[in-house]
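What follows is the content of my_file.txt, which has compact mmCIF, C-alpha atoms:
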```
# COMPACT_ATOMS: atom_id res chain seq x y z
CA MET A 269 0.00 0.00 0.00
CA PRO A 270 1.42 3.44 -0.94
CA SER A 271 2.30 5.79 1.87
CA LEU A 272 0.53 9.07 2.56
CA LYS A 273 3.43 10.95 1.00
CA ASP A 274 3.23 8.86 -2.17
CA LEU A 275 -0.52 9.45 -2.46
CA LYS A 276 -0.07 13.17 -1.89
CA ASN A 277 2.62 13.37 -4.57
CA ARG A 278 0.46 11.40 -7.00
CA ILE A 279 -2.54 13.66 -6.39
CA ALA A 280 -0.36 16.71 -7.08
CA SER A 281 0.97 15.08 -10.26
CA VAL A 282 -2.51 14.26 -11.59
CA LYS A 283 -3.70 17.80 -10.79
CA ALA A 284 -0.80 19.21 -12.80
CA THR A 285 -1.67 16.90 -15.71
CA GLN A 286 -5.30 17.97 -15.48
CA LYS A 287 -4.29 21.63 -15.82
CA ILE A 288 -2.29 20.77 -18.96
CA THR A 289 -5.09 18.78 -20.59
CA LYS A 290 -7.59 21.53 -19.78
CA ALA A 291 -5.32 24.15 -21.35
CA MET A 292 -4.81 21.95 -24.44
CA LYS A 293 -8.57 21.55 -24.78
CA MET A 294 -9.03 25.33 -24.74
CA VAL A 295 -6.27 25.82 -27.32
CA ALA A 296 -7.77 23.14 -29.57
CA ALA A 297 -11.22 24.74 -29.25
CA ALA A 298 -9.80 28.11 -30.31
CA LYS A 299 -7.98 26.60 -33.31
CA LEU A 300 -10.96 24.43 -34.25
CA ARG A 301 -13.14 27.41 -35.12
CA ARG A 302 -10.65 28.82 -37.61
CA ALA A 303 -9.86 25.40 -39.04
CA GLN A 304 -13.54 24.52 -39.46
CA GLU A 305 -14.25 27.79 -41.23
CA ALA A 306 -11.31 27.21 -43.60
CA ALA A 307 -12.41 23.63 -44.36
CA GLU A 308 -16.01 24.65 -45.00
CA ALA A 309 -14.90 27.52 -47.22
CA ALA A 310 -12.77 25.17 -49.35
CA ARG A 311 -15.58 22.69 -50.04
CA PRO A 312 -17.66 24.80 -52.48
CA TYR A 313 -14.57 25.75 -54.49
CA SER A 314 -13.36 22.17 -54.84
CA LYS A 315 -16.86 20.96 -55.78
CA ARG A 316 -17.24 23.75 -58.33
CA MET A 317 -13.83 22.92 -59.76
CA GLY A 318 -14.98 19.32 -60.17
CA ALA A 319 -18.15 20.51 -61.90
CA VAL A 320 -16.17 22.67 -64.35
CA LEU A 321 -13.89 19.74 -65.14
CA ALA A 322 -16.92 17.54 -65.68
CA ASN A 323 -18.35 20.03 -68.18
CA ILE A 324 -15.11 20.23 -70.13
CA ALA A 325 -14.52 16.49 -69.92
CA GLN A 326 -17.91 15.90 -71.53
CA ALA A 327 -16.93 18.21 -74.35
CA VAL A 328 -13.64 16.39 -74.88
CA GLY A 329 -15.07 12.90 -74.43
CA THR A 330 -12.60 10.15 -75.29
CA ASP A 331 -10.61 12.34 -77.65
CA ASP A 332 -6.92 11.47 -77.93
CA SER A 333 -6.10 15.10 -77.15
CA ALA A 334 -7.37 14.71 -73.56
CA PRO A 335 -4.61 15.07 -70.93
CA ALA A 336 -3.07 11.89 -69.56
CA LEU A 337 -3.90 13.00 -66.00
CA MET A 338 -7.58 12.67 -66.91
CA THR A 339 -7.50 9.54 -69.05
CA GLY A 340 -4.77 7.72 -67.14
CA THR A 341 -2.26 5.28 -68.56
CA GLY A 342 -4.82 2.65 -69.43
CA ARG A 343 -3.30 0.31 -66.87
CA ASP A 344 -4.09 -0.54 -63.24
CA ASP A 345 -0.86 -2.16 -62.10
CA VAL A 346 0.92 0.42 -59.92
CA HIS A 347 -0.99 2.36 -57.27
CA LEU A 348 0.23 5.45 -55.44
CA LEU A 349 -1.35 6.10 -52.03
CA VAL A 350 -1.04 9.63 -50.65
CA VAL A 351 -1.81 9.29 -46.93
CA CYS A 352 -2.44 12.58 -45.09
CA THR A 353 -2.34 12.52 -41.29
CA ALA A 354 -1.40 14.93 -38.50
CA GLU A 355 2.13 15.77 -37.42
CA ARG A 356 1.33 15.40 -33.72
CA GLY A 357 -0.63 13.03 -31.51
CA LEU A 358 -2.86 13.48 -28.45
CA CYS A 359 -5.94 13.54 -30.70
CA GLY A 360 -7.59 10.22 -29.93
CA GLY A 361 -7.97 7.80 -32.81
CA PHE A 362 -7.81 10.46 -35.54
CA ASN A 363 -4.47 9.39 -37.03
CA SER A 364 -4.97 5.66 -36.48
CA GLN A 365 -8.30 5.71 -38.35
CA ILE A 366 -6.73 7.21 -41.48
CA SER A 367 -3.72 4.89 -41.28
CA ARG A 368 -5.93 1.83 -40.78
CA PHE A 369 -8.10 2.82 -43.76
CA ALA A 370 -5.02 3.25 -46.00
CA ARG A 371 -3.43 0.05 -44.66
CA GLU A 372 -6.51 -2.03 -45.48
CA HIS A 373 -6.63 -0.55 -48.98
CA ALA A 374 -2.93 -1.33 -49.52
CA ARG A 375 -3.41 -4.91 -48.32
CA ARG A 376 -6.27 -5.44 -50.79
CA LEU A 377 -4.16 -4.12 -53.65
CA LEU A 378 -1.18 -6.28 -52.72
CA ALA A 379 -3.43 -9.32 -52.40
CA ALA A 380 -4.68 -8.61 -55.93
CA GLY A 381 -1.10 -8.62 -57.24
CA LYS A 382 -0.77 -4.83 -57.61
CA THR A 383 2.31 -2.76 -56.83
CA VAL A 384 1.80 -0.21 -54.05
CA LYS A 385 3.78 2.98 -53.47
CA ILE A 386 3.07 5.32 -50.58
CA ILE A 387 3.68 9.01 -49.94
CA CYS A 388 3.15 9.97 -46.29
CA VAL A 389 2.05 13.52 -45.49
CA GLY A 390 2.42 13.85 -41.73
CA LYS A 391 4.64 12.17 -39.15
CA LYS A 392 1.98 10.03 -37.47
CA GLY A 393 0.92 8.30 -40.67
CA TYR A 394 4.55 7.60 -41.53
CA ASP A 395 5.25 6.14 -38.09
CA SER A 396 2.21 3.89 -38.34
CA LEU A 397 2.65 2.66 -41.92
CA ARG A 398 6.40 2.10 -41.90
CA ARG A 399 5.98 -0.87 -39.52
CA GLU A 400 4.33 -2.88 -42.29
CA PHE A 401 5.06 -0.97 -45.51
CA ALA A 402 8.55 0.44 -44.96
CA THR A 403 9.69 -0.74 -48.39
CA ASN A 404 6.61 0.72 -50.08
CA ILE A 405 7.06 4.27 -48.75
CA ILE A 406 8.83 6.30 -51.44
CA ASP A 407 8.53 9.80 -49.96
CA ARG A 408 7.51 11.68 -46.85
CA VAL A 409 6.26 15.27 -46.60
CA ASP A 410 7.06 16.99 -43.30
CA LEU A 411 4.77 19.88 -42.29
CA ARG A 412 5.85 20.20 -38.66
CA GLU A 413 7.31 23.66 -39.23
CA VAL A 414 4.16 24.89 -40.99
CA LYS A 415 2.03 26.88 -38.57
CA ARG A 416 -0.85 27.35 -40.99
CA VAL A 417 -1.42 25.13 -44.02
CA SER A 418 -1.50 27.10 -47.27
CA PHE A 419 -2.16 26.29 -50.93
CA GLU A 420 1.58 26.38 -51.60
CA ASN A 421 2.05 23.34 -49.35
CA ALA A 422 -0.61 21.43 -51.27
CA ASP A 423 0.78 22.60 -54.61
CA LEU A 424 4.21 21.18 -53.76
CA ILE A 425 2.64 17.79 -53.02
CA GLY A 426 0.62 18.04 -56.25
CA HIS A 427 3.77 18.69 -58.28
CA LYS A 428 5.47 15.69 -56.66
CA ILE A 429 2.57 13.49 -57.80
CA ILE A 430 2.55 14.94 -61.32
CA ASP A 431 6.32 14.47 -61.67
CA LEU A 432 6.01 10.83 -60.62
CA PHE A 433 3.17 10.30 -63.10
CA GLU A 434 5.11 11.86 -65.95
CA LYS A 435 8.02 9.54 -65.16
CA GLY A 436 5.67 6.55 -65.36
CA GLU A 437 6.06 5.67 -61.68
CA PHE A 438 2.36 4.81 -61.15
CA ASP A 439 -0.96 4.30 -62.92
CA VAL A 440 -3.53 5.28 -60.25
CA ALA A 441 -3.15 7.78 -57.40
CA THR A 442 -5.50 7.84 -54.41
CA LEU A 443 -5.62 10.45 -51.63
CA PHE A 444 -6.45 9.41 -48.06
CA TYR A 445 -7.61 11.94 -45.47
CA SER A 446 -10.30 12.47 -42.85
CA GLU A 447 -13.38 14.49 -43.74
CA PHE A 448 -14.53 16.73 -40.90
CA LYS A 449 -18.16 16.20 -39.90
CA SER A 450 -18.28 17.43 -36.30
CA VAL A 451 -16.15 17.59 -33.16
CA ILE A 452 -16.83 13.92 -32.44
CA SER A 453 -17.05 12.67 -36.03
CA GLN A 454 -14.26 12.53 -38.62
CA VAL A 455 -14.74 10.14 -41.52
CA PRO A 456 -11.70 8.53 -43.23
CA THR A 457 -12.05 9.21 -46.96
CA ALA A 458 -10.36 8.00 -50.14
CA LEU A 459 -10.35 10.23 -53.25
CA GLN A 460 -8.91 9.16 -56.60
CA LEU A 461 -6.65 11.87 -57.98
CA VAL A 462 -5.24 10.19 -61.10
CA PRO A 463 -6.99 9.50 -63.41
CA ALA A 464 -9.02 12.57 -62.44
CA SER A 465 -12.47 11.47 -61.28
CA ALA A 466 -14.47 14.64 -61.93
CA GLU A 467 -18.00 14.86 -60.58
CA THR A 468 -20.88 14.55 -63.03
CA VAL A 469 -22.48 17.79 -64.10
CA ALA A 470 -25.93 16.66 -63.07
CA ALA A 471 -24.80 15.78 -59.57
CA ALA A 472 -23.08 19.13 -59.20
CA ASP A 473 -26.17 21.00 -60.41
CA THR A 474 -24.32 23.40 -62.67
CA GLY A 475 -26.70 23.55 -65.59
CA ALA A 476 -26.18 20.42 -67.61
CA ASN A 477 -28.22 21.77 -70.56
CA ALA A 478 -26.02 24.83 -71.02
CA VAL A 479 -23.82 25.06 -74.10
CA TYR A 480 -20.27 26.34 -73.65
CA GLU A 481 -17.59 27.46 -76.07
CA TYR A 482 -13.99 26.99 -74.99
CA GLU A 483 -10.99 29.02 -76.08
CA PRO A 484 -8.42 28.06 -77.19
CA ASP A 485 -9.92 24.55 -76.92
CA ALA A 486 -11.32 22.20 -74.29
CA ALA A 487 -8.24 19.96 -74.24
CA GLY A 488 -5.95 22.94 -73.66
CA ILE A 489 -8.08 24.14 -70.76
CA LEU A 490 -8.06 20.66 -69.22
CA THR A 491 -4.27 20.57 -69.45
CA ASP A 492 -4.12 23.65 -67.20
CA LEU A 493 -7.07 22.87 -64.93
CA ILE A 494 -6.41 19.24 -64.01
CA PRO A 495 -3.03 19.88 -62.29
CA ARG A 496 -4.61 22.82 -60.45
CA ASN A 497 -7.59 20.71 -59.48
CA LEU A 498 -5.23 18.06 -58.12
CA SER A 499 -3.59 20.66 -55.87
CA VAL A 500 -7.01 22.04 -54.87
CA GLN A 501 -8.21 18.60 -53.78
CA ILE A 502 -5.03 18.05 -51.75
CA PHE A 503 -5.41 21.50 -50.17
CA ARG A 504 -8.98 20.70 -49.21
CA ALA A 505 -7.84 17.38 -47.71
CA LEU A 506 -5.18 19.15 -45.63
CA LEU A 507 -7.74 21.68 -44.36
CA GLU A 508 -10.20 18.89 -43.53
CA ASN A 509 -7.43 17.11 -41.65
CA VAL A 510 -6.55 20.19 -39.60
CA ALA A 511 -10.19 20.68 -38.61
CA GLY A 512 -10.58 16.99 -37.81
CA GLU A 513 -7.36 16.95 -35.79
CA MET A 514 -8.45 19.93 -33.67
CA GLY A 515 -11.90 18.44 -33.14
CA ALA A 516 -10.46 15.07 -32.13
CA LYS A 517 -7.89 16.74 -29.88
CA MET A 518 -10.56 18.83 -28.19
CA SER A 519 -12.65 15.73 -27.52
CA ALA A 520 -9.63 13.69 -26.35
CA MET A 521 -8.42 16.41 -23.97
CA ASP A 522 -11.93 16.85 -22.58
CA ASN A 523 -12.06 13.11 -21.81
CA ALA A 524 -8.55 13.24 -20.33
CA THR A 525 -9.51 16.17 -18.08
CA ARG A 526 -12.61 14.34 -16.90
CA ASN A 527 -10.67 11.14 -16.24
CA ALA A 528 -8.04 13.08 -14.31
CA GLY A 529 -10.80 14.55 -12.13
CA GLU A 530 -12.15 11.08 -11.39
CA MET A 531 -8.66 9.81 -10.55
CA ILE A 532 -8.07 12.77 -8.21
CA ASN A 533 -11.31 11.96 -6.38
CA LYS A 534 -10.33 8.29 -5.96
CA LEU A 535 -6.82 9.15 -4.81
CA THR A 536 -8.15 11.75 -2.37
CA LEU A 537 -10.58 9.21 -0.95
CA SER A 538 -7.77 6.68 -0.52
CA TYR A 539 -5.58 9.35 1.06
CA ASN A 540 -8.30 10.35 3.55
CA ARG A 541 -9.08 6.75 4.47
CA GLN A 542 -5.44 5.89 5.02
CA ARG A 543 -4.88 9.07 7.02
CA GLN A 544 -7.92 8.34 9.16
CA ALA A 545 -6.71 4.78 9.72
CA GLN A 546 -3.30 6.06 10.76
CA ILE A 547 -4.82 8.58 13.19
CA THR A 548 -7.04 5.87 14.68
CA LYS A 549 -4.02 3.57 15.09
CA GLU A 550 -2.05 6.30 16.86
CA LEU A 551 -4.98 7.03 19.21
CA ILE A 552 -5.30 3.32 20.06
CA GLU A 553 -1.56 3.18 20.82
CA ILE A 554 -1.82 6.26 23.08
CA ILE A 555 -4.84 4.86 24.95
CA SER A 556 -3.21 1.45 25.32
CA GLY A 557 -0.05 3.06 26.69
CA ALA A 558 -2.05 5.17 29.15
CA GLU A 559 -3.96 2.11 30.40
CA ALA A 560 -0.76 0.19 30.85
CA LEU A 561 0.55 2.86 33.20
```
Translate this file's structure into structure tokens.
Amino acid sequence: MPSLKDLKNRIASVKATQKITKAMKMVAAAKLRRAQEAAEAARPYSKRMGAVLANIAQAVGTDDSAPALMTGTGRDDVHLLVVCTAERGLCGGFNSQISRFAREHARRLLAAGKTVKIICVGKKGYDSLRREFATNIIDRVDLREVKRVSFENADLIGHKIIDLFEKGEFDVATLFYSEFKSVISQVPTALQLVPASAETVAAADTGANAVYEYEPDAAGILTDLIPRNLSVQIFRALLENVAGEMGAKMSAMDNATRNAGEMINKLTLSYNRQRQAQITKELIEIISGAEAL
């Protein structure tokens, strides 16, 4: 049984931890609002970009002049997985959910005889996936020094993917991230980047019956838009991840603060009981000594 001093020290330690988790919860709550606004603001733009691409893709059809990023290589042998996670932990199962989703997808591809290559965006995803897929990881993007994710960060990742595609390193590229729903709900999501899977015009509600004229031509516009759309989708995924990370961290720190409070109550109860037992023992010894005299 721990001594009174040990219990007292442990109570003080848990109280200090509780102060830290409470402060981290407040910081996450403050960052969550900005991150959520940024993620929600990026969604209409990315959806509209997909609708524009769908319109132009319909005009081009299966023409040979269509960009390779839209039509693909015609093969399905080599898959590139771009796994976006957070750089830091203490956010519950946020990172593990994305990593598990990507890991299961990679296992299915390998079981089907496909070649899998992985680019990890974020330290936690890299740490999780390298245990099983160390030989499959070809690159890692470190964003620990980035205080606020910008389009330039996403554009650099997009150019990495395009360079690999132009070198013939893969046939299909898929982006893995967590879509922010609420503070307690982040949904792991997979989005195919190459070949570009543009949304249908009808689903995007952009006026499917409208007739457009493109200058210089539809294929030329696609050549410029598809690389930009790839970066836009990555940027949206990074923003969704930041919002999801802050939401998960806020929830995790709230649970940690509550658990610390419960532990403090139990330790205090044990401390009081042991102290009372010690006082009672000392009184019995004093009374016994007095009676002996």
**Asked** Of the candidates A:Asn497, A:Phe444, A:Ala291, A:Leu535, which one gets nearest to Gln460 of chain A if we count all atoms listed in the file?
**Response**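 Going through A:Asn497, A:Phe444, A:Ala291, A:Leu535 one by one, the smallest distance to Gln460 of chain A is for A:Phe444.
Nearest residue to Val295 of chain A among A:Arg343, A:Lys517, A:Arg541, A:Lys276 is A:Lys517, counting only C-alpha atoms.
With only C-alpha atoms as the atoms that count, the residue of A:Ala380, A:Leu348, A:Ala307, A:Leu275 with the shortest distance to Lys428 of chain A is A:Leu348.
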What's the 8 Å shell around Thr525 of chain A, counting all atoms listed in the file, without same-chain residues fewer than 5 positions away, as a compact mmCIF listing (two decimals) with C-alpha atoms, in the coordinates of the input?
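Below you can see selection.txt, which holds the result:
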```
# COMPACT_ATOMS: atom_id res chain seq x y z
CA GLN A 286 -5.30 17.97 -15.48
CA LYS A 287 -4.29 21.63 -15.82
CA THR A 289 -5.09 18.78 -20.59
CA LYS A 290 -7.59 21.53 -19.78
```
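Here atom CA of Ser418 of chain A stands at a distance of 10.7 Å from atom CA of Val500 of chain A.
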For segment 411-424 of chain A, where the input has fewer atoms than it should, I would like N, CA, C and O atoms rebuilt and written as a short mmCIF file (atom, residue, chain, number, x, y, z; two decimals), in the frame of the given file.
```cif
data_model
loop_
_atom_site.label_atom_id
_atom_site.label_comp_id
_atom_site.auth_asym_id
_atom_site.auth_seq_id
_atom_site.Cartn_x
_atom_site.Cartn_y
_atom_site.Cartn_z
N LEU A 411 5.41 18.56 -42.45
CA LEU A 411 4.77 19.88 -42.29
C LEU A 411 4.83 20.36 -40.85
O LEU A 411 4.03 21.19 -40.44
N ARG A 412 5.78 19.83 -40.08
CA ARG A 412 5.85 20.20 -38.66
C ARG A 412 6.17 21.68 -38.46
O ARG A 412 5.74 22.28 -37.47
N GLU A 413 6.93 22.25 -39.37
CA GLU A 413 7.31 23.66 -39.23
C GLU A 413 6.25 24.60 -39.79
O GLU A 413 6.40 25.82 -39.68
N VAL A 414 5.21 24.06 -40.39
CA VAL A 414 4.16 24.89 -40.99
C VAL A 414 3.11 25.22 -39.93
O VAL A 414 2.45 24.32 -39.40
N LYS A 415 2.99 26.48 -39.60
CA LYS A 415 2.03 26.88 -38.57
C LYS A 415 0.60 26.90 -39.11
O LYS A 415 -0.35 26.61 -38.40
N ARG A 416 0.47 27.29 -40.38
CA ARG A 416 -0.85 27.35 -40.99
C ARG A 416 -0.75 26.82 -42.42
O ARG A 416 -0.01 27.36 -43.24
N VAL A 417 -1.49 25.77 -42.70
CA VAL A 417 -1.42 25.13 -44.02
C VAL A 417 -1.90 26.10 -45.09
O VAL A 417 -2.96 26.74 -44.95
N SER A 418 -1.15 26.21 -46.17
CA SER A 418 -1.50 27.10 -47.27
C SER A 418 -1.58 26.30 -48.57
O SER A 418 -1.19 25.12 -48.63
N PHE A 419 -2.05 26.96 -49.63
CA PHE A 419 -2.16 26.29 -50.93
C PHE A 419 -0.79 25.92 -51.47
O PHE A 419 -0.67 24.93 -52.21
N GLU A 420 0.24 26.69 -51.11
CA GLU A 420 1.58 26.38 -51.60
C GLU A 420 2.04 25.00 -51.11
O GLU A 420 2.71 24.26 -51.85
N ASN A 421 1.68 24.66 -49.86
CA ASN A 421 2.05 23.34 -49.35
C ASN A 421 1.39 22.23 -50.15
O ASN A 421 2.02 21.23 -50.50
N ALA A 422 0.11 22.42 -50.47
CA ALA A 422 -0.61 21.43 -51.27
C ALA A 422 -0.08 21.38 -52.70
O ALA A 422 0.00 20.30 -53.30
N ASP A 423 0.29 22.54 -53.23
CA ASP A 423 0.78 22.60 -54.61
C ASP A 423 2.10 21.85 -54.74
O ASP A 423 2.35 21.19 -55.77
N LEU A 424 2.95 21.93 -53.72
CA LEU A 424 4.21 21.18 -53.76
C LEU A 424 3.96 19.68 -53.80
O LEU A 424 4.62 18.95 -54.54
#
```
